$ cat protein32.cif   # mmCIF, C-alpha atoms and all ligand atoms
data_input
loop_
_atom_site.label_atom_id
_atom_site.label_comp_id
_atom_site.auth_asym_id
_atom_site.auth_seq_id
_atom_site.Cartn_x
_atom_site.Cartn_y
_atom_site.Cartn_z
CA MET A 278 20.56 -11.14 5.84
CA ARG A 279 17.13 -9.72 6.72
CA ARG A 280 14.40 -11.47 4.77
CA LYS A 281 11.28 -9.73 3.56
CA ILE A 282 8.25 -11.38 5.11
CA ILE A 283 4.55 -10.79 4.65
CA ALA A 284 2.19 -12.72 6.89
CA GLY A 285 -1.59 -12.85 6.68
CA ASN A 286 -3.20 -13.21 10.09
CA TRP A 287 -6.74 -14.33 9.35
CA LYS A 288 -7.74 -14.23 13.02
CA MET A 289 -11.14 -15.90 13.68
CA ASN A 290 -12.47 -15.50 10.15
CA ASN A 291 -13.56 -17.77 7.28
CA THR A 292 -15.46 -21.03 7.02
CA LEU A 293 -13.82 -24.00 5.33
CA PRO A 294 -15.06 -23.13 1.80
CA GLU A 295 -14.06 -19.49 2.32
CA ALA A 296 -10.62 -20.52 3.53
CA THR A 297 -10.16 -22.73 0.49
CA SER A 298 -11.17 -20.06 -1.98
CA LEU A 299 -8.97 -17.45 -0.25
CA VAL A 300 -5.87 -19.64 -0.57
CA GLU A 301 -6.76 -20.52 -4.16
CA GLY A 302 -7.31 -16.84 -4.94
CA ILE A 303 -3.90 -15.93 -3.51
CA LEU A 304 -2.16 -18.74 -5.40
CA ASN A 305 -3.87 -17.78 -8.67
CA GLY A 306 -3.03 -14.13 -8.12
CA LEU A 307 0.62 -14.97 -7.52
CA GLU A 308 0.75 -17.16 -10.59
CA GLN A 309 -0.74 -14.48 -12.81
CA SER A 310 1.25 -11.60 -11.37
CA THR A 311 3.92 -10.08 -13.57
CA ASN A 312 4.88 -7.60 -10.90
CA ILE A 313 6.83 -9.69 -8.39
CA THR A 314 10.59 -9.29 -8.35
CA ASN A 315 13.24 -11.14 -6.38
CA ARG A 316 10.73 -13.74 -5.30
CA ASP A 317 13.51 -15.72 -3.63
CA LEU A 318 14.10 -12.92 -1.10
CA LEU A 319 10.51 -12.92 0.09
CA ASP A 320 8.61 -15.29 2.38
CA ILE A 321 4.82 -15.38 2.25
CA VAL A 322 3.12 -16.70 5.38
CA LEU A 323 -0.54 -17.63 5.81
CA ALA A 324 -1.91 -17.89 9.35
CA PRO A 325 -5.36 -19.50 9.19
CA PRO A 326 -7.34 -20.71 12.20
CA TYR A 327 -6.28 -24.11 13.58
CA PRO A 328 -8.92 -26.23 11.79
CA TYR A 329 -7.61 -25.16 8.39
CA LEU A 330 -3.86 -25.46 8.99
CA ASN A 331 -3.64 -28.87 7.40
CA LEU A 332 -5.86 -27.96 4.48
CA CYS A 333 -3.82 -24.81 3.77
CA LYS A 334 -0.62 -26.82 4.04
CA ASP A 335 -1.96 -29.17 1.36
CA LEU A 336 -3.09 -26.31 -0.88
CA ILE A 337 0.36 -24.67 -0.89
CA LYS A 338 2.21 -27.93 -1.43
CA GLY A 339 4.99 -27.53 -3.99
CA LYS A 340 4.73 -23.71 -3.98
CA GLN A 341 8.05 -22.14 -3.22
CA GLY A 342 8.42 -19.53 -0.51
CA ILE A 343 4.91 -19.88 0.94
CA TYR A 344 4.55 -21.11 4.50
CA ILE A 345 1.87 -21.83 7.05
CA ALA A 346 1.72 -20.29 10.53
CA ALA A 347 -0.50 -20.94 13.50
CA GLN A 348 -1.97 -17.89 15.23
CA ASN A 349 -1.07 -19.22 18.65
CA CYS A 350 0.13 -22.31 20.50
CA TYR A 351 -0.25 -23.40 24.10
CA SER A 352 2.36 -22.78 26.78
CA GLU A 353 2.61 -26.43 27.88
CA GLU A 354 4.07 -29.34 25.99
CA LYS A 355 1.07 -31.69 26.07
CA GLY A 356 -1.54 -33.26 28.32
CA ALA A 357 -4.86 -32.45 29.93
CA TYR A 358 -5.49 -28.97 28.54
CA THR A 359 -8.86 -29.33 26.85
CA GLY A 360 -9.22 -27.15 23.80
CA GLU A 361 -5.56 -26.20 23.51
CA VAL A 362 -3.13 -26.94 20.67
CA SER A 363 0.57 -27.64 21.18
CA ALA A 364 3.60 -26.43 19.25
CA ALA A 365 4.43 -30.07 18.49
CA MET A 366 1.03 -30.60 16.85
CA ILE A 367 1.40 -27.47 14.75
CA SER A 368 4.87 -28.46 13.67
CA SER A 369 3.77 -32.01 12.87
CA ILE A 370 1.39 -30.82 10.16
CA GLY A 371 4.23 -28.95 8.47
CA ALA A 372 3.67 -25.37 9.65
CA LYS A 373 6.85 -23.32 9.91
CA TYR A 374 5.79 -20.28 11.93
CA VAL A 375 3.64 -19.39 14.90
CA ILE A 376 2.38 -15.95 15.95
CA ILE A 377 3.07 -15.35 19.64
CA GLY A 378 2.15 -12.40 21.82
CA HIS A 379 -0.46 -10.81 19.58
CA SER A 380 -2.11 -7.96 21.47
CA GLU A 381 -5.49 -9.71 21.19
CA ARG A 382 -4.00 -12.71 23.02
CA ARG A 383 -2.36 -10.46 25.61
CA ASN A 384 -5.56 -8.51 26.12
CA TYR A 385 -8.49 -10.98 25.83
CA PHE A 386 -6.66 -14.04 27.12
CA ARG A 387 -4.43 -12.33 29.67
CA GLU A 388 -1.22 -13.77 28.28
CA ASN A 389 1.73 -12.40 30.21
CA SER A 390 5.44 -12.26 29.44
CA GLN A 391 6.21 -15.44 31.33
CA MET A 392 3.56 -17.42 29.47
CA LEU A 393 4.66 -15.96 26.14
CA MET A 394 8.24 -17.03 26.74
CA LYS A 395 7.12 -20.58 27.50
CA LYS A 396 5.37 -20.55 24.13
CA VAL A 397 8.44 -19.16 22.37
CA ASP A 398 10.54 -21.87 23.96
CA LEU A 399 8.21 -24.66 22.90
CA ALA A 400 7.90 -23.20 19.41
CA LEU A 401 11.67 -23.21 18.93
CA LYS A 402 12.02 -26.71 20.38
CA ASN A 403 9.53 -27.84 17.75
CA ASN A 404 11.21 -26.04 14.88
CA LEU A 405 8.63 -23.30 14.55
CA ARG A 406 9.77 -19.71 14.04
CA PRO A 407 7.90 -17.33 16.35
CA ILE A 408 6.50 -14.11 14.90
CA PHE A 409 6.64 -12.21 18.18
CA CYS A 410 4.33 -9.20 18.53
CA ILE A 411 4.98 -6.06 20.55
CA GLY A 412 3.42 -2.62 20.54
CA GLU A 413 2.06 0.15 22.71
CA LEU A 414 -1.52 1.13 23.63
CA ILE A 415 -3.05 4.43 22.54
CA HIS A 416 -2.68 6.13 25.92
CA GLU A 417 0.95 5.04 26.08
CA ARG A 418 1.64 6.73 22.75
CA GLN A 419 -0.33 9.82 23.71
CA SER A 420 1.71 10.18 26.86
CA GLU A 421 4.88 9.61 24.81
CA ARG A 422 5.79 6.43 26.63
CA HIS A 423 5.75 4.24 23.50
CA PHE A 424 9.53 3.76 23.30
CA LYS A 425 9.72 2.92 26.97
CA VAL A 426 6.85 0.42 26.70
CA VAL A 427 8.29 -1.37 23.68
CA ARG A 428 11.74 -1.51 25.27
CA GLN A 429 10.23 -3.07 28.40
CA GLN A 430 8.20 -5.59 26.37
CA LEU A 431 11.41 -6.74 24.70
CA ALA A 432 13.37 -6.79 27.96
CA ASP A 433 10.70 -8.94 29.62
CA THR A 434 10.51 -11.47 26.80
CA VAL A 435 12.72 -12.15 23.80
CA PHE A 436 15.72 -10.22 25.13
CA LEU A 437 15.99 -12.92 27.79
CA MET A 438 16.87 -15.45 25.10
CA LYS A 439 20.26 -16.74 24.06
CA GLU A 440 21.56 -15.04 20.92
CA ASN A 441 21.31 -18.16 18.74
CA ASP A 442 17.68 -18.67 19.69
CA PHE A 443 16.85 -15.00 19.31
CA ARG A 444 18.05 -15.11 15.71
CA ARG A 445 15.18 -17.41 14.85
CA ILE A 446 12.62 -14.83 15.94
CA ILE A 447 10.71 -12.42 13.75
CA ILE A 448 9.54 -9.26 15.47
CA ALA A 449 6.20 -7.69 14.56
CA TYR A 450 5.72 -4.13 15.75
CA GLU A 451 1.98 -3.63 16.02
CA PRO A 452 0.86 -0.43 17.73
CA VAL A 453 -2.33 -1.64 19.41
CA TRP A 454 -4.19 1.56 18.51
CA ALA A 455 -3.67 0.75 14.82
CA ILE A 456 -4.92 -2.84 14.86
CA GLY A 457 -8.24 -3.20 13.07
CA THR A 458 -9.02 0.48 13.61
CA GLY A 459 -8.14 1.93 10.23
CA LEU A 460 -5.69 4.22 12.07
CA THR A 461 -2.36 3.27 10.56
CA ALA A 462 0.93 4.44 11.98
CA THR A 463 2.48 6.90 9.56
CA PRO A 464 5.48 5.55 7.68
CA GLU A 465 7.64 7.88 9.77
CA GLN A 466 6.18 6.59 13.05
CA ALA A 467 6.73 3.00 11.91
CA GLN A 468 10.29 3.72 10.76
CA GLU A 469 11.13 5.54 13.98
CA MET A 470 10.01 2.60 16.11
CA HIS A 471 11.53 -0.08 13.88
CA SER A 472 14.85 1.70 13.90
CA PHE A 473 14.62 2.04 17.71
CA ILE A 474 13.94 -1.70 18.03
CA ARG A 475 16.84 -2.49 15.72
CA GLN A 476 19.17 -0.33 17.79
CA LEU A 477 18.07 -2.14 20.96
CA ILE A 478 18.75 -5.48 19.28
CA GLY A 479 22.20 -4.21 18.35
CA VAL A 480 23.01 -3.16 21.89
CA LYS A 481 21.73 -6.44 23.31
CA PHE A 482 22.97 -8.98 20.76
CA GLY A 483 25.47 -7.21 18.50
CA ARG A 484 25.77 -6.17 14.90
CA LYS A 485 25.61 -9.61 13.29
CA THR A 486 22.25 -10.34 14.86
CA ILE A 487 20.79 -6.98 13.80
CA ASN A 488 21.21 -8.00 10.19
CA ASN A 489 19.39 -11.28 10.71
CA ILE A 490 16.20 -10.08 12.33
CA SER A 491 13.23 -9.10 10.22
CA ILE A 492 10.92 -6.53 11.80
CA LEU A 493 7.39 -6.47 10.40
CA TYR A 494 4.84 -3.70 10.77
CA GLY A 495 1.22 -4.51 11.61
CA GLY A 496 -1.86 -2.39 12.20
CA SER A 497 -4.33 -1.39 9.46
CA CYS A 498 -1.71 -1.99 6.80
CA ASN A 499 -3.54 -2.40 3.49
CA ALA A 500 -3.13 -2.34 -0.27
CA ALA A 501 -3.40 1.46 -0.32
CA ASN A 502 -0.81 2.31 2.34
CA ALA A 503 1.57 -0.65 2.05
CA ALA A 504 3.89 1.02 -0.45
CA SER A 505 4.76 3.93 1.84
CA LEU A 506 5.18 1.70 4.91
CA PHE A 507 7.22 -1.01 3.16
CA ALA A 508 9.44 1.65 1.60
CA MET A 509 10.82 2.53 5.02
CA PRO A 510 14.37 1.21 5.45
CA ASP A 511 13.71 -0.67 8.70
CA VAL A 512 10.31 -2.11 7.77
CA ASP A 513 11.03 -5.60 6.45
CA GLY A 514 7.43 -6.56 5.75
CA GLY A 515 4.03 -6.76 7.34
CA LEU A 516 1.74 -8.73 9.59
CA ILE A 517 -1.56 -8.14 7.88
CA GLY A 518 -4.99 -8.74 9.42
CA GLY A 519 -8.11 -7.49 7.60
CA ALA A 520 -6.44 -6.91 4.23
CA SER A 521 -5.10 -10.48 4.16
CA LEU A 522 -8.67 -11.77 3.87
CA LYS A 523 -8.98 -10.38 0.34
CA ALA A 524 -6.85 -12.33 -2.12
CA GLY A 525 -6.42 -9.40 -4.52
CA ASP A 526 -5.33 -6.98 -1.80
CA PHE A 527 -2.96 -9.47 -0.23
CA VAL A 528 -1.32 -10.28 -3.58
CA SER A 529 -0.97 -6.59 -4.34
CA MET A 530 0.80 -6.09 -0.98
CA ILE A 531 3.10 -9.01 -1.79
CA GLU A 532 3.96 -7.33 -5.10
CA THR A 533 4.62 -4.05 -3.31
CA LEU A 534 6.95 -5.65 -0.78
CA SER A 535 8.82 -7.60 -3.45
CA ASN A 536 9.55 -4.36 -5.28
CA THR A 537 11.08 -2.52 -2.32
CA ASN A 538 14.83 -2.11 -2.04
CA LYS A 539 16.26 -2.99 1.34
P1 LIG A 601 -5.19 -5.38 10.97
O1 LIG A 601 -4.56 -6.47 11.98
O2 LIG A 601 -4.31 -5.41 9.73
O3 LIG A 601 -6.58 -5.85 10.69
O4 LIG A 601 -5.13 -4.07 11.66
C1 LIG A 601 -3.19 -6.65 12.09
C2 LIG A 601 -2.91 -7.70 13.14
O5 LIG A 601 -3.60 -7.71 14.16
O6 LIG A 601 -2.01 -8.52 12.99
#
$ encode --input "protein32.cif" --output "structure tokens" --more "lines below"
Ligand code: PGA
Amino acid sequence: MRRKIIAGNWKMNNTLPEATSLVEGILNGLEQSTNITNRDLLDIVLAPPYPYLNLCKDLIKGKQGIYIAAQNCYSEEKGAYTGEVSAAMISSIGAKYVIIGHSERRNYFRENSQMLMKKVDLALKNNLRPIFCIGELIHERQSERHFKVVRQQLADTVFLMKENDFRRIIIAYEPVWAIGTGLTATPEQAQEMHSFIRQLIGVKFGRKTINNISILYGGSCNAANAASLFAMPDVDGGLIGGASLKAGDFVSMIETLSNTNK
């Protein structure tokens, strides 16, 4: 069954006190909320910067259905890679997820498909579930190549996996032109692409796998537009950047997702 997932990608934001009060704000908001239904069908994921992973893990201790993710991991197992952090380290602090292939990593850090698949491999070996990001650039959408681009991104990466491994992946469709720009994909554009991705998964891995893979939308998704995006039948949740830095907004988006029928 497809799980609903909402993940907050904090990116390079927050000092230690800010990180603490954000997590506390989210936990308080969740505790006080009377508007969350079917809590057991929904996973909440927080992806803070590396230095706060352990702290966040401690803060959510004993809270059901809330998990910690890293925003990245390195593509080698261990050794002389100054400044890098391995999947094994992330897993050892109790994180359950890792974001891989975010467009900012692909763009600023030149991460290519081969490197991303090494990361996915190491993540799975260390019991981390990859939240794998794909999405087209603005000129690719304008020239109507977005389906082709997304299909190729999948073919070059996670479609090379064995079916059993692939089932542990979460896909995040993030049109690059919508990330941090305030330009959200319309619900129809998101639905159209999510349904396309789901069809490709079906062709590649079969019907059973389709029903196991959650596909999240990301890109200027916020408390105001979440309801219309999450209402789409193939949108199983969101990877949220800016709006996940405000406890109230993030909790409101969690409420919205919990109340959708899938
Ligand atoms: P945004 O970021 O919500 O700030 O657009 C989303 C993401 O990059 O994951």
$ closest_residue --input "protein32.cif" --among "A:Gln419, A:Gln468, A:Thr461, A:Thr533" --to "ligand LIG 601 (chain A)" --atoms "all atoms listed in the file"
A:Thr461
$ closest_atom_pairs --input "protein32.cif" --of "chain A" --to "ligand LIG 601 (chain A)" --cutoff "9 Å" --atoms "all atoms listed in the file" --output "tab-separated table"
residue	atom	partner	partner_atom	distance
A:Ala284	CA	A:LIG601	O6	8.5
A:Gly285	CA	A:LIG601	O6	7.7
A:Asn286	CA	A:LIG601	O6	5.6
A:Trp287	CA	A:LIG601	O6	8.3
A:Lys288	CA	A:LIG601	O5	7.8
A:His379	CA	A:LIG601	O5	7.0
A:Ser380	CA	A:LIG601	O5	7.5
A:Glu381	CA	A:LIG601	O5	7.5
A:Cys410	CA	A:LIG601	O6	8.4
A:Ala449	CA	A:LIG601	O6	8.4
A:Glu451	CA	A:LIG601	C2	7.0
A:Val453	CA	A:LIG601	O5	8.1
A:Trp454	CA	A:LIG601	O4	8.9
A:Ala455	CA	A:LIG601	O4	5.9
A:Ile456	CA	A:LIG601	O4	3.4
A:Gly457	CA	A:LIG601	O4	3.5
A:Thr458	CA	A:LIG601	O4	6.3
A:Gly459	CA	A:LIG601	O4	6.9
A:Leu460	CA	A:LIG601	O4	8.3
A:Thr461	CA	A:LIG601	O4	7.9
A:Tyr494	CA	A:LIG601	C1	8.7
A:Gly495	CA	A:LIG601	C1	4.9
A:Gly496	CA	A:LIG601	O4	3.7
A:Ser497	CA	A:LIG601	O4	3.6
A:Cys498	CA	A:LIG601	O2	5.2
A:Asn499	CA	A:LIG601	O2	7.0
A:Gly515	CA	A:LIG601	O6	8.5
A:Leu516	CA	A:LIG601	O6	5.1
A:Ile517	CA	A:LIG601	O2	4.3
A:Gly518	CA	A:LIG601	O2	3.4
A:Gly519	CA	A:LIG601	O3	3.8
A:Ala520	CA	A:LIG601	O2	6.1
A:Ser521	CA	A:LIG601	O2	7.6
$ write_last_selection --input "protein32.cif" --atoms "C-alpha atoms" --output "PDB file, keeping the file's coordinate frame"
ATOM      1  CA  ALA A 284       2.190 -12.720   6.890  1.00  0.00           C
ATOM      2  CA  GLY A 285      -1.590 -12.850   6.680  1.00  0.00           C
ATOM      3  CA  ASN A 286      -3.200 -13.210  10.090  1.00  0.00           C
ATOM      4  CA  TRP A 287      -6.740 -14.330   9.350  1.00  0.00           C
ATOM      5  CA  LYS A 288      -7.740 -14.230  13.020  1.00  0.00           C
ATOM      6  CA  HIS A 379      -0.460 -10.810  19.580  1.00  0.00           C
ATOM      7  CA  SER A 380      -2.110  -7.960  21.470  1.00  0.00           C
ATOM      8  CA  GLU A 381      -5.490  -9.710  21.190  1.00  0.00           C
ATOM      9  CA  CYS A 410       4.330  -9.200  18.530  1.00  0.00           C
ATOM     10  CA  ALA A 449       6.200  -7.690  14.560  1.00  0.00           C
ATOM     11  CA  GLU A 451       1.980  -3.630  16.020  1.00  0.00           C
ATOM     12  CA  VAL A 453      -2.330  -1.640  19.410  1.00  0.00           C
ATOM     13  CA  TRP A 454      -4.190   1.560  18.510  1.00  0.00           C
ATOM     14  CA  ALA A 455      -3.670   0.750  14.820  1.00  0.00           C
ATOM     15  CA  ILE A 456      -4.920  -2.840  14.860  1.00  0.00           C
ATOM     16  CA  GLY A 457      -8.240  -3.200  13.070  1.00  0.00           C
ATOM     17  CA  THR A 458      -9.020   0.480  13.610  1.00  0.00           C
ATOM     18  CA  GLY A 459      -8.140   1.930  10.230  1.00  0.00           C
ATOM     19  CA  LEU A 460      -5.690   4.220  12.070  1.00  0.00           C
ATOM     20  CA  THR A 461      -2.360   3.270  10.560  1.00  0.00           C
ATOM     21  CA  TYR A 494       4.840  -3.700  10.770  1.00  0.00           C
ATOM     22  CA  GLY A 495       1.220  -4.510  11.610  1.00  0.00           C
ATOM     23  CA  GLY A 496      -1.860  -2.390  12.200  1.00  0.00           C
ATOM     24  CA  SER A 497      -4.330  -1.390   9.460  1.00  0.00           C
ATOM     25  CA  CYS A 498      -1.710  -1.990   6.800  1.00  0.00           C
ATOM     26  CA  ASN A 499      -3.540  -2.400   3.490  1.00  0.00           C
ATOM     27  CA  GLY A 515       4.030  -6.760   7.340  1.00  0.00           C
ATOM     28  CA  LEU A 516       1.740  -8.730   9.590  1.00  0.00           C
ATOM     29  CA  ILE A 517      -1.560  -8.140   7.880  1.00  0.00           C
ATOM     30  CA  GLY A 518      -4.990  -8.740   9.420  1.00  0.00           C
ATOM     31  CA  GLY A 519      -8.110  -7.490   7.600  1.00  0.00           C
ATOM     32  CA  ALA A 520      -6.440  -6.910   4.230  1.00  0.00           C
ATOM     33  CA  SER A 521      -5.100 -10.480   4.160  1.00  0.00           C
TER      34      SER A 521
END
$ closest_atom_pairs --input "protein32.cif" --of "stretch 319-408 of chain A" --to "stretch 428-447 of chain A" --cutoff "12 Å" --atoms "all atoms listed in the file" --output "Markdown table"
| residue | atom | partner | partner_atom | distance |
| --- | --- | --- | --- | --- |
| A:Asp320 | CA | A:Ile447 | CA | 11.9 |
| A:Lys373 | CA | A:Arg445 | CA | 11.3 |
| A:Tyr374 | CA | A:Ile447 | CA | 9.4 |
| A:Val375 | CA | A:Ile447 | CA | 10.0 |
| A:Ile376 | CA | A:Ile447 | CA | 9.3 |
| A:Ile377 | CA | A:Ile447 | CA | 10.1 |
| A:Gly378 | CA | A:Thr434 | CA | 9.8 |
| A:Ser380 | CA | A:Gln430 | CA | 11.7 |
| A:Arg383 | CA | A:Gln430 | CA | 11.7 |
| A:Asn389 | CA | A:Thr434 | CA | 9.5 |
| A:Ser390 | CA | A:Thr434 | CA | 5.8 |
| A:Gln391 | CA | A:Thr434 | CA | 7.4 |
| A:Met392 | CA | A:Thr434 | CA | 9.5 |
| A:Leu393 | CA | A:Thr434 | CA | 7.4 |
| A:Met394 | CA | A:Thr434 | CA | 6.0 |
| A:Lys395 | CA | A:Thr434 | CA | 9.7 |
| A:Lys396 | CA | A:Thr434 | CA | 10.8 |
| A:Val397 | CA | A:Val435 | CA | 8.3 |
| A:Asp398 | CA | A:Asp442 | CA | 8.9 |
| A:Leu399 | CA | A:Asp442 | CA | 11.7 |
| A:Ala400 | CA | A:Ile446 | CA | 10.2 |
| A:Leu401 | CA | A:Asp442 | CA | 7.6 |
| A:Lys402 | CA | A:Asp442 | CA | 9.9 |
| A:Asn404 | CA | A:Arg445 | CA | 9.5 |
| A:Leu405 | CA | A:Arg445 | CA | 8.8 |
| A:Arg406 | CA | A:Arg445 | CA | 5.9 |
| A:Pro407 | CA | A:Ile446 | CA | 5.4 |
| A:Ile408 | CA | A:Ile447 | CA | 4.7 |
$ atom_distance --input "protein32.cif" --atom1 "atom CA of A:Gly525" --atom2 "atom CA of A:Tyr327"
23.3 Å
$ closest_residue --input "protein32.cif" --among "A:Ser529, A:Thr537, A:Gln466, A:Asn384" --to "A:Phe424" --atoms "all atoms listed in the file"
A:Gln466
$ atom_distance --input "protein32.cif" --atom1 "atom CA of A:Leu307" --atom2 "atom CA of A:Gly342"
11.4 Å
$ atom_distance --input "protein32.cif" --atom1 "atom CA of A:Leu323" --atom2 "atom CA of A:Ile343"
7.6 Å
$ residues_around --input "protein32.cif" --residues "A:Phe507" --least-positions-apart "6" --cutoff "12 Å" --atoms "all atoms listed in the file" --output "ChimeraX atom specification"
/A:281-283,463-465,467-468,471,492-495,498-501,513-516,530-539
$ closest_residue --input "protein32.cif" --among "A:Met509, A:Ile474, A:Ala503, A:Ile370" --to "A:Asp335" --atoms "all atoms listed in the file"
A:Ile370
$ closest_residue --input "protein32.cif" --among "A:Glu388, A:Arg382, A:Gln341, A:Leu477" --to "A:Lys425" --atoms "only C-alpha atoms"
A:Leu477
$ closest_residue --input "protein32.cif" --among "A:Val427, A:Ala524, A:Pro452, A:Asn502" --to "A:Arg475" --atoms "all atoms listed in the file"
A:Val427
$ closest_residue --input "protein32.cif" --among "A:Leu330, A:Leu304, A:Ala508, A:Ile345" --to "A:Val528" --atoms "only C-alpha atoms"
A:Leu304
$ residues_near_point --input "protein32.cif" --point "(15.0, -9.4, 5.5)" --cutoff "7 Å" --atoms "only C-alpha atoms" --output "JSON list (two decimals) with C-alpha atoms, in the frame of the given file"
[["chain", "number", "residue", "atom", "x", "y", "z"],
["A", 278, "MET", "CA", 20.56, -11.14, 5.84],
["A", 279, "ARG", "CA", 17.13, -9.72, 6.72],
["A", 280, "ARG", "CA", 14.40, -11.47, 4.77],
["A", 281, "LYS", "CA", 11.28, -9.73, 3.56],
["A", 490, "ILE", "CA", 16.20, -10.08, 12.33],
["A", 491, "SER", "CA", 13.23, -9.10, 10.22],
["A", 513, "ASP", "CA", 11.03, -5.60, 6.45]]
$ residues_near_point --input "protein32.cif" --point "(5.1, -33.4, 23.6)" --cutoff "7 Å" --atoms "all atoms listed in the file" --output "short mmCIF file (atom, residue, chain, number, x, y, z; two decimals) with C-alpha atoms, keeping the file's coordinate frame"
data_model
loop_
_atom_site.label_atom_id
_atom_site.label_comp_id
_atom_site.auth_asym_id
_atom_site.auth_seq_id
_atom_site.Cartn_x
_atom_site.Cartn_y
_atom_site.Cartn_z
CA GLU A 354 4.07 -29.34 25.99
CA LYS A 355 1.07 -31.69 26.07
CA ALA A 365 4.43 -30.07 18.49
#
$ axis_aligned_box --input "protein32.cif" --around "stretch 349-362 of chain A" --padding-each-side "5 Å" --output "AutoDock Vina command-line options"
--center_x -2.6 --center_y -26.2 --center_z 24.3 --size_x 23.3 --size_y 24.0 --size_z 21.3
